[in-house]
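coords-v4.pdb, holding PDB, C-alpha atoms, pLDDT in the B column:
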```
ATOM      1  CA  MET A 171     -19.973  78.325 -35.012  1.00 60.00           C
ATOM      2  CA  ARG A 172     -21.201  81.418 -33.252  1.00 79.00           C
ATOM      3  CA  TRP A 173     -23.475  81.311 -30.226  1.00 82.00           C
ATOM      4  CA  SER A 174     -26.175  83.123 -32.197  1.00 84.00           C
ATOM      5  CA  MET A 175     -26.302  80.222 -34.649  1.00 85.00           C
ATOM      6  CA  VAL A 176     -26.473  77.734 -31.777  1.00 90.00           C
ATOM      7  CA  SER A 177     -29.372  79.584 -30.181  1.00 91.00           C
ATOM      8  CA  LEU A 178     -31.111  79.848 -33.566  1.00 91.00           C
ATOM      9  CA  ALA A 179     -30.677  76.106 -34.060  1.00 91.00           C
ATOM     10  CA  ALA A 180     -32.201  75.482 -30.632  1.00 93.00           C
ATOM     11  CA  ALA A 181     -35.138  77.728 -31.517  1.00 92.00           C
ATOM     12  CA  VAL A 182     -35.651  75.837 -34.788  1.00 93.00           C
ATOM     13  CA  VAL A 183     -35.704  72.501 -32.959  1.00 94.00           C
ATOM     14  CA  LEU A 184     -38.251  73.782 -30.437  1.00 94.00           C
ATOM     15  CA  LEU A 185     -40.415  75.336 -33.149  1.00 93.00           C
ATOM     16  CA  LEU A 186     -40.395  72.105 -35.156  1.00 94.00           C
ATOM     17  CA  LEU A 187     -41.382  70.154 -32.053  1.00 95.00           C
ATOM     18  CA  ALA A 188     -44.273  72.567 -31.466  1.00 92.00           C
ATOM     19  CA  ASP A 189     -45.319  72.216 -35.117  1.00 93.00           C
ATOM     20  CA  LEU A 190     -45.272  68.455 -34.814  1.00 93.00           C
ATOM     21  CA  LEU A 191     -47.524  68.593 -31.772  1.00 93.00           C
ATOM     22  CA  VAL A 192     -49.932  71.084 -33.366  1.00 92.00           C
ATOM     23  CA  PHE A 193     -50.157  69.592 -36.862  1.00 91.00           C
ATOM     24  CA  HIS A 194     -50.201  65.884 -35.919  1.00 90.00           C
ATOM     25  CA  ASP A 195     -53.757  65.648 -37.276  1.00 89.00           C
ATOM     26  CA  LEU A 196     -53.981  67.428 -40.628  1.00 84.00           C
ATOM     27  CA  PHE A 197     -57.751  67.130 -40.843  1.00 88.00           C
ATOM     28  CA  GLU A 198     -58.634  69.048 -37.697  1.00 91.00           C
ATOM     29  CA  PRO A 199     -59.125  72.803 -38.060  1.00 93.00           C
ATOM     30  CA  HIS A 200     -56.156  74.968 -37.106  1.00 93.00           C
ATOM     31  CA  THR A 201     -56.175  78.490 -35.715  1.00 94.00           C
ATOM     32  CA  ALA A 202     -54.324  81.501 -37.037  1.00 95.00           C
ATOM     33  CA  ARG A 203     -51.848  81.067 -34.164  1.00 94.00           C
ATOM     34  CA  ASP A 204     -50.993  77.579 -35.461  1.00 93.00           C
ATOM     35  CA  TRP A 205     -50.319  78.898 -38.946  1.00 94.00           C
ATOM     36  CA  MET A 206     -48.240  81.770 -37.549  1.00 95.00           C
ATOM     37  CA  MET A 207     -46.157  79.247 -35.615  1.00 93.00           C
ATOM     38  CA  LEU A 208     -45.586  77.282 -38.812  1.00 93.00           C
ATOM     39  CA  ALA A 209     -44.557  80.461 -40.637  1.00 95.00           C
ATOM     40  CA  ALA A 210     -42.142  81.318 -37.814  1.00 93.00           C
ATOM     41  CA  SER A 211     -40.609  77.864 -38.126  1.00 94.00           C
ATOM     42  CA  VAL A 212     -40.093  78.286 -41.860  1.00 94.00           C
ATOM     43  CA  LEU A 213     -38.499  81.710 -41.379  1.00 94.00           C
ATOM     44  CA  ALA A 214     -36.222  80.434 -38.603  1.00 93.00           C
ATOM     45  CA  MET A 215     -35.118  77.479 -40.733  1.00 93.00           C
ATOM     46  CA  ALA A 216     -34.400  79.806 -43.650  1.00 93.00           C
ATOM     47  CA  ALA A 217     -32.295  82.037 -41.391  1.00 91.00           C
ATOM     48  CA  LEU A 218     -30.394  79.043 -40.030  1.00 90.00           C
ATOM     49  CA  VAL A 219     -29.702  77.631 -43.495  1.00 90.00           C
ATOM     50  CA  GLY A 220     -28.672  81.040 -44.816  1.00 89.00           C
ATOM     51  CA  GLY A 221     -26.358  81.681 -41.892  1.00 86.00           C
ATOM     52  CA  SER A 222     -24.814  78.228 -42.188  1.00 83.00           C
ATOM     53  CA  ALA A 223     -24.246  78.655 -45.919  1.00 81.00           C
ATOM     54  CA  ARG A 224     -22.617  82.035 -45.341  1.00 79.00           C
ATOM     55  CA  THR A 225     -20.348  80.517 -42.677  1.00 74.00           C
ATOM     56  CA  LEU A 226     -19.361  77.655 -44.972  1.00 70.00           C
ATOM     57  CA  ARG A 227     -18.619  80.036 -47.849  1.00 74.00           C
ATOM     58  CA  THR A 228     -16.305  82.200 -45.742  1.00 73.00           C
ATOM     59  CA  ASP A 229     -14.533  79.168 -44.241  1.00 64.00           C
ATOM     60  CA  ASP A 230     -13.849  77.511 -47.627  1.00 59.00           C
ATOM     61  CA  GLY A 231     -11.176  79.994 -48.642  1.00 55.00           C
ATOM     62  CA  ARG A 232      -9.214  79.649 -45.415  1.00 57.00           C
ATOM     63  CA  GLY A 233      -8.438  75.943 -45.578  1.00 49.00           C
TER      64      GLY A 233
END
```
Will you turn the file into C-alpha cells for me?
Amino acid sequence: MRWSMVSLAAAVVLLLLADLLVFHDLFEPHTARDWMMLAASVLAMAALVGGSARTLRTDDGRG
C-alpha cells in the first residue's frame, strides 16, 4: 500500500468523524459548510475505494 493511500485513508477517517459530530442530530438545520464537508467525505471515500480496487486488480495477476 502506498503512503498516498494511507494518508487518504486517514483523511477519510477524520472526515467521517467530523460528519458524525456535525450530523448527529438530523433535525437541526445544517449550513452549506456542513453539506460541503459531507460531499468531501463522499468524494474521499470514492477515491479510496477506487484506488484500493485498482491496487487489488493489479496485484491479482502477480500471485
**Study point:** Separation of CA of Ala181 (chain A) from CA of Met207 (chain A) in Å
**Key:**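 Rounded to one decimal, the two atoms are 11.9 Å apart.
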Practice item. Find, counting all atoms listed in the file, the residue in A:Leu226, A:Met206, A:Leu196, A:Ala214 that gets nearest to Val182 (chain A). Key: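 Ranked by minimum distance to Val182 (chain A), first place goes to A:Ala214.
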Practice item. Would you work out the distance separating CA of Thr225 (chain A) from CA of Leu213 (chain A), expressed in Å to one decimal? Key: 18.2 Å
Please expand the PyMOL selection byres ((chain A and resi 215) around 12) into the concrete residues it hits in this file, giving the result as a PDB file with C-alpha atoms, in the coordinates of the input.
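File written: out-v3.pdb
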```pdb
ATOM      1  CA  MET A 175     -26.302  80.222 -34.649  1.00 85.00           C
ATOM      2  CA  LEU A 178     -31.111  79.848 -33.566  1.00 91.00           C
ATOM      3  CA  ALA A 179     -30.677  76.106 -34.060  1.00 91.00           C
ATOM      4  CA  ALA A 180     -32.201  75.482 -30.632  1.00 93.00           C
ATOM      5  CA  ALA A 181     -35.138  77.728 -31.517  1.00 92.00           C
ATOM      6  CA  VAL A 182     -35.651  75.837 -34.788  1.00 93.00           C
ATOM      7  CA  VAL A 183     -35.704  72.501 -32.959  1.00 94.00           C
ATOM      8  CA  LEU A 184     -38.251  73.782 -30.437  1.00 94.00           C
ATOM      9  CA  LEU A 185     -40.415  75.336 -33.149  1.00 93.00           C
ATOM     10  CA  LEU A 186     -40.395  72.105 -35.156  1.00 94.00           C
ATOM     11  CA  LEU A 208     -45.586  77.282 -38.812  1.00 93.00           C
ATOM     12  CA  ALA A 209     -44.557  80.461 -40.637  1.00 95.00           C
ATOM     13  CA  ALA A 210     -42.142  81.318 -37.814  1.00 93.00           C
ATOM     14  CA  SER A 211     -40.609  77.864 -38.126  1.00 94.00           C
ATOM     15  CA  VAL A 212     -40.093  78.286 -41.860  1.00 94.00           C
ATOM     16  CA  LEU A 213     -38.499  81.710 -41.379  1.00 94.00           C
ATOM     17  CA  ALA A 214     -36.222  80.434 -38.603  1.00 93.00           C
ATOM     18  CA  ALA A 216     -34.400  79.806 -43.650  1.00 93.00           C
ATOM     19  CA  ALA A 217     -32.295  82.037 -41.391  1.00 91.00           C
ATOM     20  CA  LEU A 218     -30.394  79.043 -40.030  1.00 90.00           C
ATOM     21  CA  VAL A 219     -29.702  77.631 -43.495  1.00 90.00           C
ATOM     22  CA  GLY A 220     -28.672  81.040 -44.816  1.00 89.00           C
ATOM     23  CA  GLY A 221     -26.358  81.681 -41.892  1.00 86.00           C
ATOM     24  CA  SER A 222     -24.814  78.228 -42.188  1.00 83.00           C
TER      25      SER A 222
END
```
Review point. In Å, with one decimal, what is the gap from CA of Ser177 (chain A) to CA of Ala202 (chain A)?
Key: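 Distance between the two atoms: 25.9 Å.
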Please complete region 204-232 of chain A so it has N, CA and C atoms, and hand it over as a PDB file, in the frame of the given file.
```
ATOM      1  N   ASP A 204     -51.695  78.762 -34.974  1.00 93.00           N
ATOM      2  CA  ASP A 204     -50.993  77.579 -35.461  1.00 93.00           C
ATOM      3  C   ASP A 204     -50.260  77.873 -36.763  1.00 93.00           C
ATOM      4  N   TRP A 205     -50.930  78.571 -37.665  1.00 94.00           N
ATOM      5  CA  TRP A 205     -50.319  78.898 -38.946  1.00 94.00           C
ATOM      6  C   TRP A 205     -49.186  79.911 -38.775  1.00 94.00           C
ATOM      7  N   MET A 206     -49.328  80.821 -37.817  1.00 95.00           N
ATOM      8  CA  MET A 206     -48.240  81.770 -37.549  1.00 95.00           C
ATOM      9  C   MET A 206     -47.029  81.055 -36.965  1.00 95.00           C
ATOM     10  N   MET A 207     -47.252  80.047 -36.158  1.00 93.00           N
ATOM     11  CA  MET A 207     -46.157  79.247 -35.615  1.00 93.00           C
ATOM     12  C   MET A 207     -45.436  78.499 -36.731  1.00 93.00           C
ATOM     13  N   LEU A 208     -46.189  77.968 -37.674  1.00 93.00           N
ATOM     14  CA  LEU A 208     -45.586  77.282 -38.812  1.00 93.00           C
ATOM     15  C   LEU A 208     -44.769  78.260 -39.663  1.00 93.00           C
ATOM     16  N   ALA A 209     -45.293  79.445 -39.873  1.00 95.00           N
ATOM     17  CA  ALA A 209     -44.557  80.461 -40.637  1.00 95.00           C
ATOM     18  C   ALA A 209     -43.272  80.866 -39.909  1.00 95.00           C
ATOM     19  N   ALA A 210     -43.334  80.988 -38.591  1.00 93.00           N
ATOM     20  CA  ALA A 210     -42.142  81.318 -37.814  1.00 93.00           C
ATOM     21  C   ALA A 210     -41.098  80.213 -37.935  1.00 93.00           C
ATOM     22  N   SER A 211     -41.545  78.981 -37.966  1.00 94.00           N
ATOM     23  CA  SER A 211     -40.609  77.864 -38.126  1.00 94.00           C
ATOM     24  C   SER A 211     -39.909  77.919 -39.476  1.00 94.00           C
ATOM     25  N   VAL A 212     -40.673  78.204 -40.521  1.00 94.00           N
ATOM     26  CA  VAL A 212     -40.093  78.286 -41.860  1.00 94.00           C
ATOM     27  C   VAL A 212     -39.086  79.432 -41.933  1.00 94.00           C
ATOM     28  N   LEU A 213     -39.426  80.577 -41.365  1.00 94.00           N
ATOM     29  CA  LEU A 213     -38.499  81.710 -41.379  1.00 94.00           C
ATOM     30  C   LEU A 213     -37.239  81.428 -40.563  1.00 94.00           C
ATOM     31  N   ALA A 214     -37.386  80.770 -39.427  1.00 93.00           N
ATOM     32  CA  ALA A 214     -36.222  80.434 -38.603  1.00 93.00           C
ATOM     33  C   ALA A 214     -35.327  79.423 -39.309  1.00 93.00           C
ATOM     34  N   MET A 215     -35.928  78.445 -39.985  1.00 93.00           N
ATOM     35  CA  MET A 215     -35.118  77.479 -40.733  1.00 93.00           C
ATOM     36  C   MET A 215     -34.381  78.154 -41.876  1.00 93.00           C
ATOM     37  N   ALA A 216     -35.048  79.087 -42.564  1.00 93.00           N
ATOM     38  CA  ALA A 216     -34.400  79.806 -43.650  1.00 93.00           C
ATOM     39  C   ALA A 216     -33.225  80.633 -43.128  1.00 93.00           C
ATOM     40  N   ALA A 217     -33.389  81.259 -41.980  1.00 91.00           N
ATOM     41  CA  ALA A 217     -32.295  82.037 -41.391  1.00 91.00           C
ATOM     42  C   ALA A 217     -31.140  81.132 -40.988  1.00 91.00           C
ATOM     43  N   LEU A 218     -31.450  79.975 -40.438  1.00 90.00           N
ATOM     44  CA  LEU A 218     -30.394  79.043 -40.030  1.00 90.00           C
ATOM     45  C   LEU A 218     -29.635  78.512 -41.237  1.00 90.00           C
ATOM     46  N   VAL A 219     -30.353  78.140 -42.283  1.00 90.00           N
ATOM     47  CA  VAL A 219     -29.702  77.631 -43.495  1.00 90.00           C
ATOM     48  C   VAL A 219     -28.873  78.731 -44.152  1.00 90.00           C
ATOM     49  N   GLY A 220     -29.414  79.935 -44.218  1.00 89.00           N
ATOM     50  CA  GLY A 220     -28.672  81.040 -44.816  1.00 89.00           C
ATOM     51  C   GLY A 220     -27.423  81.385 -44.030  1.00 89.00           C
ATOM     52  N   GLY A 221     -27.527  81.400 -42.717  1.00 86.00           N
ATOM     53  CA  GLY A 221     -26.358  81.681 -41.892  1.00 86.00           C
ATOM     54  C   GLY A 221     -25.316  80.585 -41.982  1.00 86.00           C
ATOM     55  N   SER A 222     -25.756  79.340 -42.062  1.00 83.00           N
ATOM     56  CA  SER A 222     -24.814  78.228 -42.188  1.00 83.00           C
ATOM     57  C   SER A 222     -24.114  78.261 -43.540  1.00 83.00           C
ATOM     58  N   ALA A 223     -24.852  78.577 -44.585  1.00 81.00           N
ATOM     59  CA  ALA A 223     -24.246  78.655 -45.919  1.00 81.00           C
ATOM     60  C   ALA A 223     -23.228  79.790 -45.984  1.00 81.00           C
ATOM     61  N   ARG A 224     -23.547  80.912 -45.352  1.00 79.00           N
ATOM     62  CA  ARG A 224     -22.617  82.035 -45.341  1.00 79.00           C
ATOM     63  C   ARG A 224     -21.348  81.665 -44.574  1.00 79.00           C
ATOM     64  N   THR A 225     -21.504  80.946 -43.458  1.00 74.00           N
ATOM     65  CA  THR A 225     -20.348  80.517 -42.677  1.00 74.00           C
ATOM     66  C   THR A 225     -19.496  79.542 -43.470  1.00 74.00           C
ATOM     67  N   LEU A 226     -20.114  78.616 -44.171  1.00 70.00           N
ATOM     68  CA  LEU A 226     -19.361  77.655 -44.972  1.00 70.00           C
ATOM     69  C   LEU A 226     -18.633  78.331 -46.130  1.00 70.00           C
ATOM     70  N   ARG A 227     -19.278  79.329 -46.747  1.00 74.00           N
ATOM     71  CA  ARG A 227     -18.619  80.036 -47.849  1.00 74.00           C
ATOM     72  C   ARG A 227     -17.390  80.788 -47.375  1.00 74.00           C
ATOM     73  N   THR A 228     -17.455  81.432 -46.232  1.00 73.00           N
ATOM     74  CA  THR A 228     -16.305  82.200 -45.742  1.00 73.00           C
ATOM     75  C   THR A 228     -15.210  81.280 -45.223  1.00 73.00           C
ATOM     76  N   ASP A 229     -15.544  80.097 -44.749  1.00 64.00           N
ATOM     77  CA  ASP A 229     -14.533  79.168 -44.241  1.00 64.00           C
ATOM     78  C   ASP A 229     -13.858  78.383 -45.354  1.00 64.00           C
ATOM     79  N   ASP A 230     -14.441  78.281 -46.538  1.00 59.00           N
ATOM     80  CA  ASP A 230     -13.849  77.511 -47.627  1.00 59.00           C
ATOM     81  C   ASP A 230     -12.521  78.082 -48.097  1.00 59.00           C
ATOM     82  N   GLY A 231     -12.398  79.371 -48.135  1.00 55.00           N
ATOM     83  CA  GLY A 231     -11.176  79.994 -48.642  1.00 55.00           C
ATOM     84  C   GLY A 231     -10.034  79.979 -47.660  1.00 55.00           C
ATOM     85  N   ARG A 232     -10.261  79.602 -46.434  1.00 57.00           N
ATOM     86  CA  ARG A 232      -9.214  79.649 -45.415  1.00 57.00           C
ATOM     87  C   ARG A 232      -8.504  78.322 -45.203  1.00 57.00           C
TER      88      ARG A 232
END
```
